[in-house]
$ cat my_file28.txt   # compact mmCIF, C-alpha atoms
# COMPACT_ATOMS: atom_id res chain seq x y z
CA MET Z 6 0.00 0.00 0.00
CA ARG Z 7 1.41 3.38 -1.02
CA GLU Z 8 1.92 6.07 1.62
CA ALA Z 9 -0.90 8.26 0.27
CA GLU Z 10 -3.32 5.32 0.37
CA ARG Z 11 -2.32 4.49 3.95
CA VAL Z 12 -2.94 8.10 4.99
CA ARG Z 13 -6.35 8.10 3.31
CA THR Z 14 -7.37 5.01 5.28
CA ILE Z 15 -6.38 6.57 8.62
CA ALA Z 16 -7.33 10.25 8.21
CA THR Z 17 -10.96 9.90 7.19
CA GLU Z 18 -13.94 12.13 7.85
CA PRO Z 19 -15.24 9.66 10.49
CA ALA Z 20 -11.84 9.83 12.22
CA ILE Z 21 -11.96 13.62 12.36
CA TYR Z 22 -15.61 13.52 13.38
CA GLY Z 23 -14.79 11.05 16.18
CA VAL Z 24 -12.23 13.41 17.72
CA VAL Z 25 -14.55 16.42 17.46
CA LEU Z 26 -17.38 14.35 18.95
CA VAL Z 27 -15.27 13.25 21.93
CA ALA Z 28 -13.99 16.77 22.55
CA GLY Z 29 -17.51 18.22 22.40
CA LEU Z 30 -18.82 15.57 24.75
CA VAL Z 31 -15.94 16.14 27.17
CA VAL Z 32 -16.80 19.85 27.23
CA VAL Z 33 -20.40 19.12 28.14
CA VAL Z 34 -20.01 16.04 30.35
CA GLY Z 35 -16.86 17.34 32.03
CA GLU Z 36 -18.87 20.16 33.57
CA SER Z 37 -21.52 17.97 35.16
CA ALA Z 38 -19.61 14.79 36.05
CA GLU Z 39 -17.87 14.62 39.39
CA ALA Z 40 -15.16 12.09 38.53
CA SER Z 41 -13.14 11.30 35.44
CA TRP Z 42 -14.64 7.78 35.38
CA ASP Z 43 -18.09 9.35 34.92
CA VAL Z 44 -16.77 11.47 32.06
CA PHE Z 45 -15.11 8.44 30.46
CA ALA Z 46 -18.17 6.18 30.75
CA LYS Z 47 -20.64 8.75 29.45
CA VAL Z 48 -18.45 9.87 26.55
CA PHE Z 49 -17.43 6.33 25.58
CA LEU Z 50 -21.00 5.04 25.57
CA THR Z 51 -22.19 8.06 23.59
CA VAL Z 52 -19.41 7.55 21.02
CA LEU Z 53 -20.48 3.91 20.69
CA VAL Z 54 -24.07 4.99 20.00
CA PHE Z 55 -22.95 7.57 17.42
CA TRP Z 56 -20.68 5.01 15.78
CA ALA Z 57 -23.50 2.46 15.62
CA ALA Z 58 -25.77 5.12 14.10
CA HIS Z 59 -23.06 5.95 11.56
CA VAL Z 60 -22.67 2.27 10.63
CA TYR Z 61 -26.44 1.83 10.37
CA ALA Z 62 -26.83 4.94 8.20
CA GLY Z 63 -23.97 3.82 5.96
CA THR Z 64 -25.48 0.36 5.61
CA VAL Z 65 -28.93 1.65 4.70
CA ALA Z 66 -27.51 4.28 2.35
CA HIS Z 67 -25.65 1.68 0.30
CA LEU Z 68 -28.26 -1.09 0.12
CA GLY Z 69 -29.47 0.22 -3.22
CA ASP Z 70 -26.06 0.75 -4.83
CA GLU Z 71 -26.20 -0.11 -8.52
CA PRO Z 72 -23.75 -3.06 -8.56
CA MET Z 73 -25.83 -4.77 -5.88
CA SER Z 74 -29.27 -4.31 -7.45
CA GLY Z 75 -29.69 -7.99 -8.44
CA VAL Z 76 -28.11 -9.45 -5.29
CA PRO Z 77 -30.37 -10.99 -2.57
CA LEU Z 78 -31.20 -8.67 0.35
CA PRO Z 79 -29.27 -10.58 3.08
CA THR Z 80 -26.10 -10.48 0.96
CA ARG Z 81 -26.61 -6.77 0.21
CA VAL Z 82 -27.11 -6.03 3.93
CA LEU Z 83 -23.95 -7.91 4.91
CA THR Z 84 -21.87 -6.30 2.17
CA ALA Z 85 -23.16 -2.80 2.88
CA GLY Z 86 -22.73 -3.33 6.63
CA ARG Z 87 -19.16 -4.54 6.24
CA GLU Z 88 -18.31 -1.54 4.06
CA ALA Z 89 -19.95 0.82 6.57
CA VAL Z 90 -17.90 -0.66 9.44
CA VAL Z 91 -14.66 -0.37 7.44
CA HIS Z 92 -15.51 3.22 6.50
CA SER Z 93 -16.37 4.33 10.04
CA TRP Z 94 -13.79 2.46 12.15
CA GLY Z 95 -11.72 5.63 12.41
CA MET Z 96 -14.43 7.23 14.52
CA LEU Z 97 -13.82 4.64 17.25
CA LEU Z 98 -10.07 4.50 16.83
CA THR Z 99 -9.39 8.23 17.07
CA SER Z 100 -11.76 8.69 20.00
CA MET Z 101 -9.63 6.33 22.10
CA LEU Z 102 -6.62 8.63 22.59
CA PRO Z 103 -8.55 11.49 24.25
CA LEU Z 104 -10.49 8.91 26.25
CA LEU Z 105 -7.24 7.34 27.47
CA VAL Z 106 -6.24 10.73 28.86
CA ILE Z 107 -9.53 10.78 30.79
CA LEU Z 108 -8.65 7.34 32.20
CA LEU Z 109 -5.36 8.76 33.51
CA GLY Z 110 -7.52 10.83 35.84
CA HIS Z 111 -9.44 7.77 36.96
CA VAL Z 112 -6.31 5.81 37.88
CA GLY Z 113 -4.83 8.82 39.70
CA VAL Z 114 -1.93 9.67 37.39
CA ILE Z 115 -3.41 13.17 37.03
CA ASP Z 116 -6.36 14.81 38.76
CA ASP Z 117 -9.81 14.85 37.21
CA GLN Z 118 -9.69 18.44 35.93
CA GLN Z 119 -6.27 17.88 34.38
CA ALA Z 120 -7.67 14.78 32.69
CA VAL Z 121 -10.53 16.77 31.15
CA TRP Z 122 -8.27 19.58 29.94
CA GLY Z 123 -5.60 17.10 28.82
CA SER Z 124 -8.21 15.25 26.77
CA LEU Z 125 -9.22 18.48 25.06
CA TRP Z 126 -5.65 19.47 24.23
CA THR Z 127 -4.95 15.93 23.03
CA SER Z 128 -7.95 16.32 20.72
CA VAL Z 129 -6.56 19.59 19.35
CA ALA Z 130 -3.20 17.95 18.61
CA LEU Z 131 -4.82 14.85 17.11
CA LEU Z 132 -7.03 16.97 14.86
CA GLY Z 133 -3.94 18.83 13.65
CA VAL Z 134 -2.21 15.56 12.80
CA LEU Z 135 -5.29 14.18 11.03
CA GLY Z 136 -5.78 17.39 9.04
CA TYR Z 137 -2.13 17.50 8.04
CA ALA Z 138 -2.19 13.81 7.04
CA LYS Z 139 -5.36 14.15 5.01
CA VAL Z 140 -4.01 17.13 3.06
CA ALA Z 141 -0.66 15.35 2.65
CA ALA Z 142 -2.51 12.64 0.74
CA TRP Z 143 -3.15 15.05 -2.15
CA THR Z 144 -0.36 17.64 -2.04
CA ALA Z 145 3.36 17.74 -1.37
CA ASN Z 146 3.26 21.46 -0.56
CA PRO Z 147 4.29 21.74 3.12
CA TRP Z 148 2.50 25.08 3.59
CA VAL Z 149 -0.80 23.68 2.36
CA ARG Z 150 -0.32 20.65 4.60
CA LEU Z 151 0.35 22.88 7.61
CA ALA Z 152 -2.67 25.00 6.76
CA GLY Z 153 -4.82 21.85 6.60
CA GLY Z 154 -3.54 20.75 9.98
CA GLY Z 155 -4.05 24.20 11.47
CA ILE Z 156 -7.57 24.56 10.15
CA THR Z 157 -8.53 21.11 11.38
CA SER Z 158 -7.02 21.69 14.82
CA ALA Z 159 -8.99 24.95 14.98
CA LEU Z 160 -12.11 22.80 15.43
CA GLY Z 161 -10.59 21.49 18.65
CA LEU Z 162 -9.48 24.97 19.69
CA LEU Z 163 -13.07 26.15 19.36
CA LEU Z 164 -14.10 23.45 21.80
CA VAL Z 165 -11.30 24.42 24.20
CA LEU Z 166 -12.57 28.01 24.05
CA LEU Z 167 -16.10 26.77 24.65
CA LYS Z 168 -14.87 24.82 27.69
CA SER Z 169 -13.12 27.96 28.99
CA TRP Z 170 -16.30 29.96 28.51
CA VAL Z 171 -18.52 27.33 30.15
CA HIS Z 172 -16.05 26.75 32.99
$ encode --input "my_file28.txt" --output "structure tokens"
Amino acid sequence: MREAERVRTIATEPAIYGVVLVAGLVVVVGESAEASWDVFAKVFLTVLVFWAAHVYAGTVAHLGDEPMSGVPLPTRVLTAGREAVVHSWGMLLTSMLPLLVILLGHVGVIDDQQAVWGSLWTSVALLGVLGYAKVAAWTANPWVRLAGGGITSALGLLLVLLKSWVH
């Protein structure tokens, strides 16, 4: 697999969406939860529900794809479902890193507030890497790549600012 293809499989829109989703949930749940375990459990379960909804929507959306029009329904459902899972796996994968930072608060490595803020800043950094990688898949220009990373990480910065405002 070429480098550009590998980047395209990692830096997908579901991967970026997963990080933004986790950061947004941490902003909201982090204000009302008393312990980092509560934040982790609520955010993780919500991400699972969103991921399942994404897989379901992808499955239903592709049931009527032209190449599958003459194929029996159970086969079409399995094929479309498998493709939807492959397409959306990045949402689960990228949400794990900010959630791991939350778990550091639960096990006592850092305090609960540091875990919440650390998760948000991890999300900002991860968004920057994903944005850079996605743009790197279609251009060699380092300035355009950096701009892509900066613009994508700005989504996380907006959530950090929202957390500061809410806090």
$ residues_near_point --input "my_file28.txt" --point "(-10.4, 1.3, 36.7)" --cutoff "12 Å" --atoms "only C-alpha atoms" --output "VMD selection string"
chain Z and resid 40 to 43 45 to 46 105 107 to 114
$ closest_residue --input "my_file28.txt" --among "Z:Glu88, Z:Trp126, Z:Arg81, Z:Leu68" --to "Leu166 (chain Z)" --atoms "all atoms listed in the file"
Z:Trp126
$ closest_residue --input "my_file28.txt" --among "Z:Trp56, Z:Ala62, Z:Glu39, Z:Leu162" --to "Asp117 (chain Z)" --atoms "all atoms listed in the file"
Z:Glu39
$ residues_around --input "my_file28.txt" --residues "Thr51 (chain Z)" --least-positions-apart "6" --cutoff "10 Å" --atoms "only C-alpha atoms" --output "NGL selection string"
:Z and (26-27 or 30 or 45 or 57)
$ residues_around --input "my_file28.txt" --residues "Thr157 (chain Z)" --least-positions-apart "5" --cutoff "7 Å" --atoms "only C-alpha atoms" --output "CSV table (one decimal) with C-alpha atoms, keeping the file's coordinate frame"
chain,number,residue,atom,x,y,z
Z,132,LEU,CA,-7.0,17.0,14.9
Z,133,GLY,CA,-3.9,18.8,13.6
Z,136,GLY,CA,-5.8,17.4,9.0
$ closest_residue --input "my_file28.txt" --among "Z:Leu104, Z:Lys168, Z:Val140, Z:Val82" --to "Val24 (chain Z)" --atoms "only C-alpha atoms"
Z:Leu104
$ atom_distance --input "my_file28.txt" --atom1 "CA of Ser124 (chain Z)" --atom2 "CA of Gly63 (chain Z)"
28.5 Å
$ atom_distance --input "my_file28.txt" --atom1 "CA of Leu98 (chain Z)" --atom2 "CA of Glu36 (chain Z)"
24.6 Å
$ residues_around --input "my_file28.txt" --residues "Gly23 (chain Z)" --least-positions-apart "4" --cutoff "8 Å" --atoms "only C-alpha atoms" --output "list in words"
Pro19, Val27, Val52, Gly95, Met96, Leu97, Thr99 and Ser100 of chain Z
$ atom_distance --input "my_file28.txt" --atom1 "CA of Gly35 (chain Z)" --atom2 "CA of Ala20 (chain Z)"
21.8 Å
$ closest_residue --input "my_file28.txt" --among "Z:Ala120, Z:Ala152, Z:Val25, Z:Ile115" --to "Val44 (chain Z)" --atoms "only C-alpha atoms"
Z:Ala120
$ closest_residue --input "my_file28.txt" --among "Z:Val60, Z:Pro79, Z:Val129, Z:Val34" --to "Val171 (chain Z)" --atoms "all atoms listed in the file"
Z:Val34
$ axis_aligned_box --input "my_file28.txt" --around "region 56-59 of chain Z" --padding-each-side "5 Å" --output "JSON"
{"center_x": -23.2, "center_y": 4.2, "center_z": 13.7, "size_x": 15.1, "size_y": 13.5, "size_z": 14.2}
$ closest_residue --input "my_file28.txt" --among "Z:Pro77, Z:Ser128, Z:Met101, Z:Ala16" --to "Leu50 (chain Z)" --atoms "only C-alpha atoms"
Z:Met101
$ build_atoms --input "my_file28.txt" --residues "region 102-133 of chain Z" --atoms "N, CA and C atoms" --output "mmCIF file, in the coordinates of the input"
data_model
loop_
_atom_site.group_PDB
_atom_site.id
_atom_site.type_symbol
_atom_site.label_atom_id
_atom_site.label_comp_id
_atom_site.auth_asym_id
_atom_site.auth_seq_id
_atom_site.Cartn_x
_atom_site.Cartn_y
_atom_site.Cartn_z
ATOM 1 N N LEU Z 102 -7.742 7.891 21.997
ATOM 2 C CA LEU Z 102 -6.620 8.630 22.590
ATOM 3 C C LEU Z 102 -7.101 9.683 23.596
ATOM 4 N N PRO Z 103 -8.052 10.555 23.236
ATOM 5 C CA PRO Z 103 -8.550 11.490 24.250
ATOM 6 C C PRO Z 103 -9.219 10.781 25.427
ATOM 7 N N LEU Z 104 -9.866 9.659 25.165
ATOM 8 C CA LEU Z 104 -10.490 8.910 26.250
ATOM 9 C C LEU Z 104 -9.456 8.279 27.182
ATOM 10 N N LEU Z 105 -8.314 7.874 26.624
ATOM 11 C CA LEU Z 105 -7.240 7.340 27.470
ATOM 12 C C LEU Z 105 -6.710 8.402 28.429
ATOM 13 N N VAL Z 106 -6.672 9.643 27.977
ATOM 14 C CA VAL Z 106 -6.240 10.730 28.860
ATOM 15 C C VAL Z 106 -7.224 10.875 30.023
ATOM 16 N N ILE Z 107 -8.518 10.736 29.731
ATOM 17 C CA ILE Z 107 -9.530 10.780 30.790
ATOM 18 C C ILE Z 107 -9.281 9.646 31.794
ATOM 19 N N LEU Z 108 -8.929 8.474 31.298
ATOM 20 C CA LEU Z 108 -8.650 7.340 32.200
ATOM 21 C C LEU Z 108 -7.452 7.596 33.104
ATOM 22 N N LEU Z 109 -6.494 8.413 32.648
ATOM 23 C CA LEU Z 109 -5.360 8.760 33.510
ATOM 24 C C LEU Z 109 -5.844 9.469 34.776
ATOM 25 N N GLY Z 110 -6.924 10.209 34.656
ATOM 26 C CA GLY Z 110 -7.520 10.830 35.840
ATOM 27 C C GLY Z 110 -8.157 9.798 36.744
ATOM 28 N N HIS Z 111 -8.781 8.807 36.156
ATOM 29 C CA HIS Z 111 -9.440 7.770 36.960
ATOM 30 C C HIS Z 111 -8.438 6.956 37.764
ATOM 31 N N VAL Z 112 -7.300 6.636 37.163
ATOM 32 C CA VAL Z 112 -6.310 5.810 37.880
ATOM 33 C C VAL Z 112 -5.402 6.646 38.771
ATOM 34 N N GLY Z 113 -5.568 7.971 38.780
ATOM 35 C CA GLY Z 113 -4.830 8.820 39.700
ATOM 36 C C GLY Z 113 -3.495 9.337 39.198
ATOM 37 N N VAL Z 114 -3.185 9.138 37.937
ATOM 38 C CA VAL Z 114 -1.930 9.670 37.390
ATOM 39 C C VAL Z 114 -1.996 11.193 37.358
ATOM 40 N N ILE Z 115 -3.155 11.729 36.987
ATOM 41 C CA ILE Z 115 -3.410 13.170 37.030
ATOM 42 C C ILE Z 115 -4.770 13.381 37.686
ATOM 43 N N ASP Z 116 -5.047 14.602 38.137
ATOM 44 C CA ASP Z 116 -6.360 14.810 38.760
ATOM 45 C C ASP Z 116 -7.443 14.941 37.691
ATOM 46 N N ASP Z 117 -8.687 14.907 38.135
ATOM 47 C CA ASP Z 117 -9.810 14.850 37.210
ATOM 48 C C ASP Z 117 -9.876 16.056 36.274
ATOM 49 N N GLN Z 118 -9.644 17.238 36.782
ATOM 50 C CA GLN Z 118 -9.690 18.440 35.930
ATOM 51 C C GLN Z 118 -8.557 18.433 34.898
ATOM 52 N N GLN Z 119 -7.375 17.994 35.330
ATOM 53 C CA GLN Z 119 -6.270 17.880 34.380
ATOM 54 C C GLN Z 119 -6.590 16.863 33.293
ATOM 55 N N ALA Z 120 -7.292 15.802 33.664
ATOM 56 C CA ALA Z 120 -7.670 14.780 32.690
ATOM 57 C C ALA Z 120 -8.624 15.358 31.642
ATOM 58 N N VAL Z 121 -9.580 16.157 32.084
ATOM 59 C CA VAL Z 121 -10.530 16.770 31.150
ATOM 60 C C VAL Z 121 -9.810 17.728 30.217
ATOM 61 N N TRP Z 122 -9.002 18.620 30.782
ATOM 62 C CA TRP Z 122 -8.270 19.580 29.940
ATOM 63 C C TRP Z 122 -7.246 18.868 29.064
ATOM 64 N N GLY Z 123 -6.572 17.860 29.606
ATOM 65 C CA GLY Z 123 -5.600 17.100 28.820
ATOM 66 C C GLY Z 123 -6.259 16.393 27.640
ATOM 67 N N SER Z 124 -7.461 15.887 27.859
ATOM 68 C CA SER Z 124 -8.210 15.250 26.770
ATOM 69 C C SER Z 124 -8.528 16.249 25.672
ATOM 70 N N LEU Z 125 -8.907 17.456 26.066
ATOM 71 C CA LEU Z 125 -9.220 18.480 25.060
ATOM 72 C C LEU Z 125 -7.985 18.886 24.267
ATOM 73 N N TRP Z 126 -6.870 19.091 24.945
ATOM 74 C CA TRP Z 126 -5.650 19.470 24.230
ATOM 75 C C TRP Z 126 -5.107 18.327 23.387
ATOM 76 N N THR Z 127 -5.310 17.097 23.845
ATOM 77 C CA THR Z 127 -4.950 15.930 23.030
ATOM 78 C C THR Z 127 -5.791 15.915 21.755
ATOM 79 N N SER Z 128 -7.063 16.261 21.887
ATOM 80 C CA SER Z 128 -7.950 16.320 20.720
ATOM 81 C C SER Z 128 -7.480 17.379 19.729
ATOM 82 N N VAL Z 129 -7.055 18.531 20.231
ATOM 83 C CA VAL Z 129 -6.560 19.590 19.350
ATOM 84 C C VAL Z 129 -5.344 19.084 18.566
ATOM 85 N N ALA Z 130 -4.410 18.463 19.267
ATOM 86 C CA ALA Z 130 -3.200 17.950 18.610
ATOM 87 C C ALA Z 130 -3.549 16.850 17.608
ATOM 88 N N LEU Z 131 -4.428 15.947 17.994
ATOM 89 C CA LEU Z 131 -4.820 14.850 17.110
ATOM 90 C C LEU Z 131 -5.526 15.370 15.862
ATOM 91 N N LEU Z 132 -6.370 16.372 16.026
ATOM 92 C CA LEU Z 132 -7.030 16.970 14.860
ATOM 93 C C LEU Z 132 -6.005 17.603 13.924
ATOM 94 N N GLY Z 133 -4.994 18.255 14.485
ATOM 95 C CA GLY Z 133 -3.940 18.830 13.650
ATOM 96 C C GLY Z 133 -3.210 17.772 12.851
#
